[in-house]
>>> print(open('query_1.txt').read())   # compact mmCIF, C-alpha atoms and all ligand atoms
# COMPACT_ATOMS: atom_id res chain seq x y z
CA MET N 1 -5.95 30.67 3.61
CA ALA N 2 -7.76 32.55 6.36
CA VAL N 3 -10.94 32.59 4.36
CA THR N 4 -10.91 28.88 3.81
CA ASP N 5 -10.14 28.34 7.48
CA ASN N 6 -13.16 30.37 8.44
CA GLU N 7 -15.30 28.52 6.03
CA VAL N 8 -14.15 25.23 7.39
CA LYS N 9 -14.83 26.38 10.93
CA ASN N 10 -18.27 27.59 10.00
CA LYS N 11 -19.00 24.32 8.40
CA VAL N 12 -17.81 22.41 11.44
CA GLU N 13 -19.94 24.58 13.68
CA SER N 14 -23.00 24.24 11.57
CA THR N 15 -22.63 20.50 11.36
CA GLN N 16 -22.11 20.33 15.09
CA LYS N 17 -25.05 22.55 15.80
CA ALA N 18 -27.45 20.70 13.66
CA PRO N 19 -27.79 17.56 15.78
CA GLN N 20 -27.98 19.64 18.99
CA ASP N 21 -30.82 21.71 17.61
CA THR N 22 -32.64 18.66 16.57
CA GLN N 23 -32.12 17.21 20.02
CA ASN N 24 -33.44 20.28 21.82
CA ALA N 25 -36.46 20.38 19.63
CA LYS N 26 -36.74 16.60 19.90
CA PRO N 27 -37.90 16.16 16.40
CA GLU N 28 -39.00 13.38 14.96
CA LEU N 29 -36.92 10.61 13.72
CA PRO N 30 -38.52 9.66 10.44
CA ASN N 31 -41.01 6.89 10.58
CA THR N 32 -38.96 4.48 8.56
CA LYS N 33 -37.11 1.35 9.53
CA GLU N 34 -33.99 3.46 10.11
CA GLY N 35 -35.84 5.90 12.35
CA ARG N 36 -37.39 3.11 14.36
CA LEU N 37 -34.01 1.43 14.74
CA VAL N 38 -32.46 4.63 16.11
CA LYS N 39 -35.35 5.22 18.45
CA GLU N 40 -35.26 1.71 19.79
CA LEU N 41 -31.54 1.95 20.49
CA LEU N 42 -31.75 5.39 22.08
CA GLU N 43 -34.39 4.17 24.47
CA LYS N 44 -31.99 1.52 25.71
CA ALA N 45 -29.03 3.90 25.72
CA PRO N 46 -30.20 7.43 26.53
CA TYR N 47 -26.64 8.78 26.85
CA ALA N 48 -26.10 8.51 23.10
CA GLU N 49 -27.16 10.84 20.32
CA GLY N 50 -28.57 9.37 17.20
CA SER N 51 -29.73 10.54 13.83
CA VAL N 52 -30.69 9.23 10.45
CA ARG N 53 -28.48 10.35 7.62
CA ARG N 54 -30.35 8.89 4.74
CA GLU N 55 -31.77 5.64 3.62
CA LYS N 56 -29.79 2.75 5.14
CA ARG N 57 -27.40 5.07 7.00
CA ILE N 58 -27.70 5.93 10.67
CA GLU N 59 -25.28 7.64 12.95
CA PHE N 60 -24.63 7.67 16.70
CA ARG N 61 -22.39 9.75 18.92
CA VAL N 62 -21.42 8.08 22.14
CA PRO N 63 -19.18 9.26 25.00
CA ALA N 64 -15.98 7.24 25.07
CA GLU N 65 -16.47 5.76 28.54
CA ARG N 66 -19.69 4.07 27.56
CA ILE N 67 -18.74 2.85 24.11
CA HIS N 68 -18.39 -0.78 25.11
CA GLU N 69 -21.76 -0.77 26.82
CA PHE N 70 -23.37 0.87 23.82
CA LEU N 71 -21.85 -1.49 21.29
CA GLU N 72 -22.97 -4.45 23.35
CA ILE N 73 -26.53 -3.20 23.16
CA ALA N 74 -26.17 -2.39 19.48
CA SER N 75 -24.79 -5.83 18.68
CA GLU N 76 -28.23 -7.34 19.16
CA LYS N 77 -29.39 -5.63 15.99
CA PHE N 78 -26.04 -5.14 14.26
CA GLU N 79 -24.47 -8.52 13.81
CA MET N 80 -21.42 -7.38 11.92
CA LEU N 81 -18.55 -5.03 12.64
CA MET N 82 -17.28 -3.89 9.27
CA GLN N 83 -14.47 -1.57 10.18
CA ILE N 84 -12.98 0.61 12.85
CA SER N 85 -11.73 3.78 11.25
CA VAL N 86 -9.92 6.61 12.94
CA VAL N 87 -9.90 10.32 12.14
CA ASP N 88 -7.15 12.47 13.58
CA TRP N 89 -8.43 15.95 14.54
CA LEU N 90 -5.11 17.57 15.19
CA LYS N 91 -6.29 21.07 16.18
CA GLU N 92 -8.82 19.75 18.62
CA GLY N 93 -6.34 17.23 19.98
CA GLU N 94 -8.71 14.34 19.53
CA PHE N 95 -9.03 11.07 17.72
CA GLU N 96 -12.44 10.22 16.41
CA LEU N 97 -13.10 6.50 16.25
CA VAL N 98 -15.83 5.35 13.93
CA TYR N 99 -17.17 1.88 14.48
CA GLN N 100 -18.98 0.84 11.33
CA LEU N 101 -21.68 -1.69 11.95
CA TRP N 102 -23.86 -3.55 9.50
CA SER N 103 -27.16 -5.07 10.32
CA VAL N 104 -27.71 -8.16 8.26
CA SER N 105 -31.33 -8.53 9.29
CA GLU N 106 -32.28 -4.89 8.58
CA SER N 107 -29.74 -3.96 5.88
CA VAL N 108 -28.73 -0.81 7.70
CA HIS N 109 -25.26 0.65 8.06
CA ALA N 110 -24.52 2.43 11.33
CA PHE N 111 -21.66 4.72 12.23
CA VAL N 112 -20.91 4.85 15.93
CA LYS N 113 -18.64 7.79 16.58
CA THR N 114 -16.71 8.55 19.69
CA ARG N 115 -13.91 10.95 20.53
CA ILE N 116 -10.90 10.42 22.74
CA SER N 117 -7.97 12.64 23.50
CA ARG N 118 -4.84 12.24 21.39
CA GLU N 119 -2.47 11.88 24.30
CA ASN N 120 -2.51 8.50 25.91
CA ALA N 121 -5.32 7.35 23.70
CA LYS N 122 -6.88 4.30 25.28
CA MET N 123 -10.02 2.37 24.50
CA PRO N 124 -11.53 -0.85 25.76
CA THR N 125 -11.40 -3.62 23.19
CA VAL N 126 -14.60 -4.89 21.62
CA MET N 127 -13.17 -8.28 20.78
CA ASP N 128 -15.56 -9.94 23.20
CA ILE N 129 -18.50 -8.67 21.14
CA TRP N 130 -17.12 -9.17 17.64
CA PRO N 131 -13.93 -11.30 17.52
CA VAL N 132 -13.09 -9.74 14.16
CA ALA N 133 -12.32 -6.48 15.95
CA GLU N 134 -8.89 -7.86 16.75
CA THR N 135 -7.55 -7.08 13.28
CA TYR N 136 -9.10 -3.64 13.07
CA GLU N 137 -7.79 -2.71 16.47
CA ARG N 138 -4.32 -3.87 15.58
CA GLU N 139 -4.44 -1.70 12.49
CA ALA N 140 -5.68 1.35 14.37
CA HIS N 141 -3.02 0.73 16.96
CA GLU N 142 -0.25 0.54 14.42
CA PHE N 143 -1.24 3.57 12.37
CA PHE N 144 -2.41 5.86 15.17
CA GLY N 145 -0.99 4.47 18.38
CA ILE N 146 -4.30 3.96 20.12
CA ILE N 147 -4.07 1.31 22.82
CA PHE N 148 -6.97 -1.11 22.96
CA GLU N 149 -6.96 -2.57 26.42
CA GLY N 150 -7.64 -6.28 26.42
CA ASN N 151 -6.50 -7.01 22.88
CA PRO N 152 -3.72 -9.59 23.24
CA ARG N 153 -2.08 -9.10 19.85
CA LEU N 154 -1.28 -5.40 19.72
CA GLY N 155 2.15 -4.82 18.29
CA PRO N 156 3.97 -4.56 14.97
CA PHE N 157 1.53 -5.63 12.30
CA ILE N 158 1.70 -4.58 8.65
CA LEU N 159 4.41 -1.94 8.52
CA GLU N 160 8.14 -2.26 8.81
CA PRO N 161 9.17 -2.30 12.46
CA ARG N 162 10.82 1.12 12.24
CA GLU N 163 7.51 2.67 11.17
CA TYR N 164 5.57 1.00 13.91
CA GLU N 165 6.94 3.36 16.53
CA LYS N 166 6.08 6.45 14.47
CA HIS N 167 2.39 5.82 13.74
CA PRO N 168 2.54 7.20 10.21
CA LEU N 169 -1.12 8.11 9.72
CA ARG N 170 -1.09 10.65 12.54
CA LYS N 171 -1.41 14.12 11.11
CA ASP N 172 1.71 15.38 12.88
CA PHE N 173 3.90 12.70 11.30
CA ASN N 174 6.21 14.50 8.88
CA THR N 175 6.28 12.18 5.90
CA LEU N 176 8.69 14.25 3.87
CA SER N 177 11.48 14.35 6.43
CA TYR N 178 10.96 10.68 7.13
CA VAL N 179 11.23 9.90 3.43
CA LYS N 180 14.49 11.83 3.27
CA THR N 181 16.03 9.86 6.09
CA ILE N 182 14.97 6.53 4.60
CA TYR N 183 15.32 6.97 0.84
CA GLY N 184 17.95 9.71 0.65
CA GLU N 185 18.01 13.47 0.14
CA ASP N 186 18.33 13.33 -3.62
CA PHE N 187 14.58 13.05 -4.13
CA ASP N 188 13.98 16.67 -3.21
CA ARG N 189 11.82 18.37 -5.77
CA TYR N 190 12.78 22.02 -6.10
CA ASP N 191 12.17 24.10 -9.19
CA GLU N 192 15.07 25.45 -11.22
CA SER N 193 15.71 28.42 -8.93
CA LYS N 194 15.90 26.03 -5.94
CA THR N 195 13.38 28.12 -4.00
CA ASN N 196 9.98 26.56 -4.44
CA TYR N 197 9.02 23.08 -3.69
CA VAL N 198 7.12 21.53 -6.55
CA ILE N 199 5.32 18.26 -6.85
CA MET C 1 25.74 -15.65 -6.30
CA GLY C 2 28.28 -18.45 -6.65
CA GLY C 3 30.97 -18.65 -9.28
CA ASP C 4 29.86 -21.67 -11.28
CA PHE C 5 27.81 -20.29 -14.11
CA ILE C 6 28.25 -20.89 -17.80
CA SER C 7 31.10 -18.82 -19.07
CA TYR C 8 30.04 -16.81 -22.05
CA GLU C 9 33.68 -16.54 -23.03
CA LEU C 10 33.64 -19.99 -24.67
CA LYS C 11 34.27 -19.85 -28.36
CA GLU C 12 31.12 -21.82 -29.21
CA PHE C 13 28.98 -19.39 -27.33
CA LYS C 14 30.55 -16.44 -29.04
CA LEU C 15 29.82 -18.05 -32.38
CA PHE C 16 26.17 -18.73 -31.65
CA GLU C 17 25.53 -15.54 -29.75
CA PRO C 18 23.45 -13.87 -32.51
CA LEU C 19 21.27 -16.96 -32.71
CA PHE C 20 20.82 -16.99 -28.94
CA ARG C 21 19.88 -13.35 -28.91
CA TRP C 22 17.35 -13.81 -31.63
CA ALA C 23 15.85 -16.77 -29.79
CA ARG C 24 15.73 -14.87 -26.50
CA LYS C 25 14.06 -11.93 -28.13
CA LYS C 26 11.38 -14.14 -29.64
CA SER C 27 10.53 -16.12 -26.53
CA ILE C 28 10.20 -13.76 -23.59
CA TRP C 29 8.33 -15.30 -20.71
CA LEU C 30 6.93 -13.03 -18.04
CA VAL C 31 6.85 -13.39 -14.30
CA ALA C 32 3.22 -12.92 -13.37
CA PHE C 33 3.98 -10.69 -10.41
CA CYS C 34 1.74 -7.66 -10.32
CA THR C 35 2.59 -4.72 -8.10
CA GLY C 36 0.75 -1.43 -7.84
CA CYS C 37 -1.82 -0.07 -10.22
CA GLY C 38 -0.41 -1.68 -13.34
CA GLY C 39 -1.60 -5.17 -12.56
CA ILE C 40 -4.87 -4.12 -14.11
CA GLU C 41 -3.10 -3.27 -17.36
CA MET C 42 -1.97 -6.85 -17.79
CA PRO C 43 -5.32 -8.41 -18.86
CA PRO C 44 -5.66 -6.18 -21.94
CA LEU C 45 -2.04 -6.93 -22.81
CA VAL C 46 -2.39 -10.68 -22.81
CA THR C 47 -5.92 -10.91 -24.18
CA ALA C 48 -7.18 -10.54 -27.70
CA ARG C 49 -6.87 -6.82 -28.27
CA TYR C 50 -3.13 -6.38 -27.73
CA ASP C 51 -2.24 -10.06 -27.56
CA ILE C 52 1.43 -10.10 -26.67
CA GLU C 53 1.56 -13.80 -27.37
CA ARG C 54 2.19 -12.98 -31.01
CA PHE C 55 5.65 -11.87 -29.88
CA GLY C 56 6.20 -15.19 -28.17
CA MET C 57 5.53 -13.72 -24.73
CA MET C 58 3.41 -15.35 -22.13
CA PRO C 59 2.74 -15.12 -18.42
CA ASN C 60 4.45 -18.00 -16.80
CA PRO C 61 3.89 -19.79 -13.53
CA ALA C 62 7.35 -19.91 -12.01
CA PRO C 63 10.24 -17.47 -11.75
CA ARG C 64 12.65 -20.31 -12.55
CA MET C 65 11.42 -20.31 -16.14
CA ALA C 66 11.08 -16.59 -16.65
CA ASP C 67 13.03 -14.01 -18.62
CA LEU C 68 11.20 -10.75 -18.11
CA PHE C 69 10.10 -9.25 -14.84
CA LEU C 70 7.34 -6.66 -15.24
CA ILE C 71 7.29 -4.20 -12.36
CA THR C 72 3.81 -2.82 -12.88
CA GLY C 73 3.73 0.16 -10.55
CA TYR C 74 4.72 1.47 -7.18
CA VAL C 75 6.81 -0.77 -4.97
CA THR C 76 6.63 -0.77 -1.20
CA PRO C 77 9.58 -1.98 0.89
CA LYS C 78 7.67 -5.14 1.69
CA THR C 79 7.05 -5.89 -1.97
CA LEU C 80 10.62 -4.99 -2.80
CA LYS C 81 11.88 -7.81 -0.58
CA ARG C 82 9.76 -10.27 -2.56
CA ILE C 83 10.83 -8.70 -5.83
CA ILE C 84 14.51 -9.03 -5.00
CA ILE C 85 14.13 -12.66 -4.00
CA THR C 86 12.07 -13.46 -7.09
CA TYR C 87 14.56 -11.66 -9.28
CA GLU C 88 17.43 -13.63 -7.84
CA LEU C 89 15.55 -16.86 -8.40
CA MET C 90 15.29 -16.16 -12.13
CA PRO C 91 17.99 -17.68 -14.35
CA ASP C 92 20.29 -15.44 -16.36
CA PRO C 93 19.78 -13.67 -18.68
CA LYS C 94 16.87 -11.78 -17.16
CA TYR C 95 15.36 -8.41 -17.86
CA ILE C 96 13.26 -5.91 -15.97
CA LEU C 97 10.66 -3.63 -17.49
CA ALA C 98 9.31 -0.96 -15.12
CA HIS C 99 5.94 0.66 -15.77
CA GLY C 100 4.93 4.12 -14.74
CA SER C 101 6.54 7.01 -12.95
CA CYS C 102 6.45 5.40 -9.52
CA PRO C 103 9.46 3.11 -10.00
CA ILE C 104 11.37 5.98 -11.61
CA ASN C 105 11.04 8.64 -8.89
CA GLY C 106 8.07 7.88 -6.68
CA GLY C 107 5.46 9.49 -8.93
CA VAL C 108 2.45 10.75 -7.00
CA TYR C 109 3.79 8.97 -3.95
CA TRP C 110 6.85 11.19 -3.89
CA ASP C 111 6.49 11.92 -0.16
CA SER C 112 4.93 8.67 0.95
CA TYR C 113 6.78 6.88 3.69
CA ASN C 114 5.99 3.55 2.18
CA VAL C 115 6.90 3.74 -1.50
CA VAL C 116 10.40 3.08 -2.77
CA LYS C 117 11.74 5.99 -4.79
CA GLN C 118 14.15 5.18 -7.59
CA LEU C 119 13.87 1.46 -7.86
CA ASP C 120 17.05 1.37 -9.91
CA LYS C 121 19.08 1.65 -6.72
CA TYR C 122 17.95 -1.76 -5.54
CA ILE C 123 17.57 -3.84 -8.70
CA PRO C 124 18.76 -3.08 -12.23
CA ILE C 125 16.06 -1.85 -14.62
CA ASP C 126 16.49 -2.30 -18.35
CA VAL C 127 13.59 -0.28 -19.70
CA ALA C 128 11.39 2.20 -17.83
CA ILE C 129 8.14 3.51 -19.31
CA ALA C 130 7.00 6.91 -18.08
CA GLY C 131 3.34 7.68 -17.52
CA CYS C 132 0.75 7.21 -14.85
CA MET C 133 -0.43 4.62 -15.82
CA PRO C 134 1.06 3.98 -19.30
CA ARG C 135 -1.52 2.73 -21.72
CA PRO C 136 -1.07 -0.72 -23.21
CA GLU C 137 0.27 0.92 -26.36
CA ALA C 138 3.07 2.47 -24.32
CA VAL C 139 3.78 -0.86 -22.70
CA MET C 140 3.93 -2.46 -26.14
CA ASP C 141 6.40 0.21 -27.13
CA GLY C 142 8.48 -0.64 -24.07
CA ILE C 143 8.33 -4.29 -25.00
CA ARG C 144 9.54 -3.48 -28.51
CA GLU C 145 12.33 -1.45 -26.97
CA ILE C 146 13.40 -4.31 -24.77
CA MET C 147 13.35 -6.67 -27.74
CA ARG C 148 15.59 -4.30 -29.61
CA LYS C 149 17.91 -4.08 -26.64
CA ILE C 150 18.07 -7.85 -26.29
CA GLU C 151 18.96 -8.18 -29.94
CA ASN C 152 21.74 -5.58 -29.67
CA GLY C 153 22.96 -7.01 -26.41
CA GLU C 154 22.26 -3.75 -24.57
CA ALA C 155 19.86 -5.28 -22.09
CA ASP C 156 22.55 -6.14 -19.61
CA GLY C 157 20.79 -5.54 -16.29
CA TRP C 158 21.52 -9.06 -15.09
CA ARG C 159 25.21 -8.58 -15.82
CA ARG C 160 25.23 -5.22 -14.04
CA TYR C 161 23.58 -6.87 -11.06
CA ARG C 162 26.23 -9.56 -10.99
CA GLU C 163 29.13 -7.17 -11.38
CA ASN C 164 27.89 -4.51 -8.93
CA TYR C 165 26.34 -6.91 -6.52
CA GLU C 166 28.04 -5.27 -3.51
CA TRP C 167 26.56 -1.88 -4.36
CA TYR C 168 23.03 -3.21 -4.82
CA ARG C 169 23.39 -5.30 -1.71
CA LYS C 170 24.55 -2.26 0.28
CA ASN C 171 21.52 -0.23 -0.82
CA GLN C 172 19.15 -3.07 -0.01
CA ASP C 173 20.69 -3.53 3.41
CA GLU C 174 20.41 0.18 4.10
CA LEU C 175 16.70 0.06 3.41
CA PHE C 176 15.81 -3.19 5.15
CA GLY C 177 18.50 -3.44 7.78
CA GLU C 178 21.35 -5.95 7.83
CA GLY C 179 20.41 -9.58 7.70
CA TRP C 180 16.93 -9.14 6.25
CA ARG C 181 17.43 -12.17 4.00
CA GLU C 182 18.04 -14.41 6.95
CA ARG C 183 15.26 -12.82 8.97
CA ASP C 184 12.47 -12.58 6.40
CA ALA C 185 13.27 -14.37 3.19
CA LYS C 186 14.20 -17.62 4.92
CA ARG C 187 10.72 -17.72 6.35
CA TRP C 188 9.16 -17.83 2.90
CA LEU C 189 11.74 -19.98 1.14
CA ALA C 190 13.46 -22.32 3.53
CA TRP C 191 16.15 -23.44 1.08
CA LEU C 192 17.61 -19.99 0.46
S1 LIG O 201 2.72 5.58 -11.90
FE1 LIG O 201 0.59 6.08 -11.45
S2 LIG O 201 -0.60 4.33 -12.21
FE2 LIG O 201 1.55 3.68 -12.00
S3 LIG O 201 1.73 2.78 -9.96
FE3 LIG O 201 2.30 4.93 -9.79
S4 LIG O 201 0.40 5.97 -9.22
FE4 LIG O 201 -0.17 3.95 -10.01
>>> encode(input="query_1.txt", output="structure tokens")
Amino acid sequence: MAVTDNEVKNKVESTQKAPQDTQNAKPELPNTKEGRLVKELLEKAPYAEGSVRREKRIEFRVPAERIHEFLEIASEKFEMLMQISVVDWLKEGEFELVYQLWSVSESVHAFVKTRISRENAKMPTVMDIWPVAETYEREAHEFFGIIFEGNPRLGPFILEPREYEKHPLRKDFNTLSYVKTIYGEDFDRYDESKTNYVI
Amino acid sequence: MGGDFISYELKEFKLFEPLFRWARKKSIWLVAFCTGCGGIEMPPLVTARYDIERFGMMPNPAPRMADLFLITGYVTPKTLKRIIITYELMPDPKYILAHGSCPINGGVYWDSYNVVKQLDKYIPIDVAIAGCMPRPEAVMDGIREIMRKIENGEADGWRRYRENYEWYRKNQDELFGEGWRERDAKRWLAWL
């Protein structure tokens, strides 16, 4: 367990270091349409970090306070918001929001990543840029409890009302104990000696 | 579930019961209601390779004309509401065939907050096929089993549902909360 933990940490560190190094050394975004797109955007928004992952994939990291500003600038090139996905980093106490944008004119997929604290997670809505964001924000609100200020339809959405309050995709939501209260204790899966839990 | 249904105690019905059973067995119509992963197993079943129409089975557009309800995979509480209403719309006698391990005990979703474990608590199942996902051959075997049960008169899920309606109703209400029929189902089907 410890070994794997270390490995994971190392990996996280190395992945975090990589963009910093590249920033310090200021290298060279590749001279492709992706590279030019990143460069163009970073000139308008110097507070963001950007990189090219591979063909047709680019990535930005933006501080949470300036996300709305950044997305407004980005929306000139990226006409479509495809998804807002959320990653729950429990140990770091942060949610990572990933706005996935698609540029119809350039055929490029951009990830715009931003981190906010888990407690009292609040974000400005981006409905005024892409109206479709309403649905994605409602979903992120229901599953993770992030409040999008300015979205008028936050509230119970897909799940049963009793699950709405619990935000079941948060990593600290104990599915097993919840299942036992809802569907009954008799679904416990112990082995014959009643000591080990088995799947 | 009102009281005025055809009484099977009539002498004529008793006399013709074997004929009825044979006819029921040979003309099973399915409710085309696909839940979970198994919906994708239906096309091979009804098309040329496995062709269940040679048993007189066919997917059918309305629950009012159906005999067999195929539960083709995991069932979420939201789907279960629709399943219960659809099941109650079907005329007696009606049968349920459950595919896969999910309706039996949750399968791989054993600790998921959103999958109903043990479907048999909420609606009566006549035949359950284990496997994740059962191949069409296994489904065909389940269909043969249900035909056998219909012929012997063992497929009595609809009668169990009628007789133990309070118990099923209690379990459903525990899961959805009292008055879910009035709250939700009335919105979809105003005449309920
Ligand atoms: S038993 Fe397997 S294939 Fe069937 S619904 Fe469950 S997970 Fe899907």
>>> residues_around(input="query_1.txt", residues="Ser105 in chain N", least_positions_apart="4", cutoff="12 Å", atoms="only C-alpha atoms", output="NGL selection string")
:N and (33 or 37 or 75-80 or 109)
>>> interface_residues(input="query_1.txt", of="chain C", to="chain N", cutoff="12 Å", atoms="all atoms listed in the file", output="compact mmCIF listing (two decimals) with C-alpha atoms, keeping the file's coordinate frame")
# COMPACT_ATOMS: atom_id res chain seq x y z
CA THR C 76 6.63 -0.77 -1.20
CA PRO C 77 9.58 -1.98 0.89
CA LYS C 78 7.67 -5.14 1.69
CA THR C 79 7.05 -5.89 -1.97
CA LYS C 81 11.88 -7.81 -0.58
CA ILE C 104 11.37 5.98 -11.61
CA ASN C 105 11.04 8.64 -8.89
CA GLY C 106 8.07 7.88 -6.68
CA GLY C 107 5.46 9.49 -8.93
CA VAL C 108 2.45 10.75 -7.00
CA TYR C 109 3.79 8.97 -3.95
CA TRP C 110 6.85 11.19 -3.89
CA ASP C 111 6.49 11.92 -0.16
CA SER C 112 4.93 8.67 0.95
CA TYR C 113 6.78 6.88 3.69
CA ASN C 114 5.99 3.55 2.18
CA VAL C 115 6.90 3.74 -1.50
CA VAL C 116 10.40 3.08 -2.77
CA LYS C 117 11.74 5.99 -4.79
CA GLN C 118 14.15 5.18 -7.59
CA LEU C 119 13.87 1.46 -7.86
CA LYS C 121 19.08 1.65 -6.72
CA TYR C 122 17.95 -1.76 -5.54
CA ASN C 171 21.52 -0.23 -0.82
CA GLN C 172 19.15 -3.07 -0.01
CA ASP C 173 20.69 -3.53 3.41
CA GLU C 174 20.41 0.18 4.10
CA LEU C 175 16.70 0.06 3.41
CA PHE C 176 15.81 -3.19 5.15
CA GLY C 177 18.50 -3.44 7.78
CA TRP C 180 16.93 -9.14 6.25
CA ASP C 184 12.47 -12.58 6.40
>>> residues_near_point(input="query_1.txt", point="(-25.5, 2.6, 24.6)", cutoff="9 Å", atoms="all atoms listed in the file", output="MDAnalysis selection string")
chainID N and resid 41:42 44:48 62 66:74
>>> closest_residue(input="query_1.txt", among="C:Tyr165, C:Met57, C:Pro124, C:Arg148", to="Tyr87 in chain C", atoms="all atoms listed in the file")
C:Pro124
>>> closest_atom_pairs(input="query_1.txt", of="chain C", to="ligand LIG 201 (chain O)", cutoff="6 Å", atoms="only C-alpha atoms and all ligand atoms", output="tab-separated table")
residue	atom	partner	partner_atom	distance
C:Gly36	CA	O:LIG201	S3	4.8
C:Cys37	CA	O:LIG201	FE4	4.4
C:Gly38	CA	O:LIG201	FE2	5.9
C:Gly73	CA	O:LIG201	S3	3.3
C:Tyr74	CA	O:LIG201	S3	4.3
C:Gly100	CA	O:LIG201	S1	3.9
C:Ser101	CA	O:LIG201	S1	4.2
C:Cys102	CA	O:LIG201	FE3	4.2
C:Gly107	CA	O:LIG201	FE3	5.6
C:Val108	CA	O:LIG201	S4	5.7
C:Cys132	CA	O:LIG201	FE1	3.6
C:Met133	CA	O:LIG201	S2	3.6
>>> write_last_selection(input="query_1.txt", atoms="C-alpha atoms", output="PDB file, in the frame of the given file")
ATOM      1  CA  GLY C  36       0.750  -1.430  -7.840  1.00  0.00           C
ATOM      2  CA  CYS C  37      -1.820  -0.070 -10.220  1.00  0.00           C
ATOM      3  CA  GLY C  38      -0.410  -1.680 -13.340  1.00  0.00           C
ATOM      4  CA  GLY C  73       3.730   0.160 -10.550  1.00  0.00           C
ATOM      5  CA  TYR C  74       4.720   1.470  -7.180  1.00  0.00           C
ATOM      6  CA  GLY C 100       4.930   4.120 -14.740  1.00  0.00           C
ATOM      7  CA  SER C 101       6.540   7.010 -12.950  1.00  0.00           C
ATOM      8  CA  CYS C 102       6.450   5.400  -9.520  1.00  0.00           C
ATOM      9  CA  GLY C 107       5.460   9.490  -8.930  1.00  0.00           C
ATOM     10  CA  VAL C 108       2.450  10.750  -7.000  1.00  0.00           C
ATOM     11  CA  CYS C 132       0.750   7.210 -14.850  1.00  0.00           C
ATOM     12  CA  MET C 133      -0.430   4.620 -15.820  1.00  0.00           C
TER      13      MET C 133
END
>>> atom_distance(input="query_1.txt", atom1="CA of Phe143 in chain N", atom2="CA of Asp128 in chain N")
22.5 Å
>>> closest_residue(input="query_1.txt", among="N:Lys122, N:Lys113, N:Arg138, N:Lys171", to="Pro156 in chain N", atoms="all atoms listed in the file")
N:Arg138
>>> closest_residue(input="query_1.txt", among="C:Ile84, C:Ala66, C:Ala23, C:Ile28", to="Arg54 in chain C", atoms="all atoms listed in the file")
C:Ile28
>>> closest_residue(input="query_1.txt", among="N:Asp88, N:Glu65, N:Glu34, N:Glu28", to="Arg53 in chain N", atoms="all atoms listed in the file")
N:Glu34
>>> residues_around(input="query_1.txt", residues="Arg170 in chain N", least_positions_apart="6", cutoff="10 Å", atoms="only C-alpha atoms", output="count of residues only")
10
>>> atom_distance(input="query_1.txt", atom1="CA of Ile71 in chain C", atom2="CA of Ala32 in chain C")
9.7 Å
>>> atom_distance(input="query_1.txt", atom1="CA of Leu97 in chain C", atom2="CA of Leu70 in chain C")
5.0 Å
>>> closest_residue(input="query_1.txt", among="N:Asp172, N:Lys56, N:Tyr164, N:Ala121", to="Glu149 in chain N", atoms="all atoms listed in the file")
N:Ala121
>>> residues_around(input="query_1.txt", residues="Arg153 in chain N", least_positions_apart="3", cutoff="10 Å", atoms="only C-alpha atoms", output="VMD selection string")
chain N and resid 134 to 135 137 to 138 148 150 156 to 157
>>> axis_aligned_box(input="query_1.txt", around="range 83-93 of chain C", padding_each_side="5 Å", output="lines of an AutoDock Vina configuration file")
center_x = 15.6
center_y = -13.2
center_z = -11.3
size_x = 19.5
size_y = 19.0
size_z = 24.7
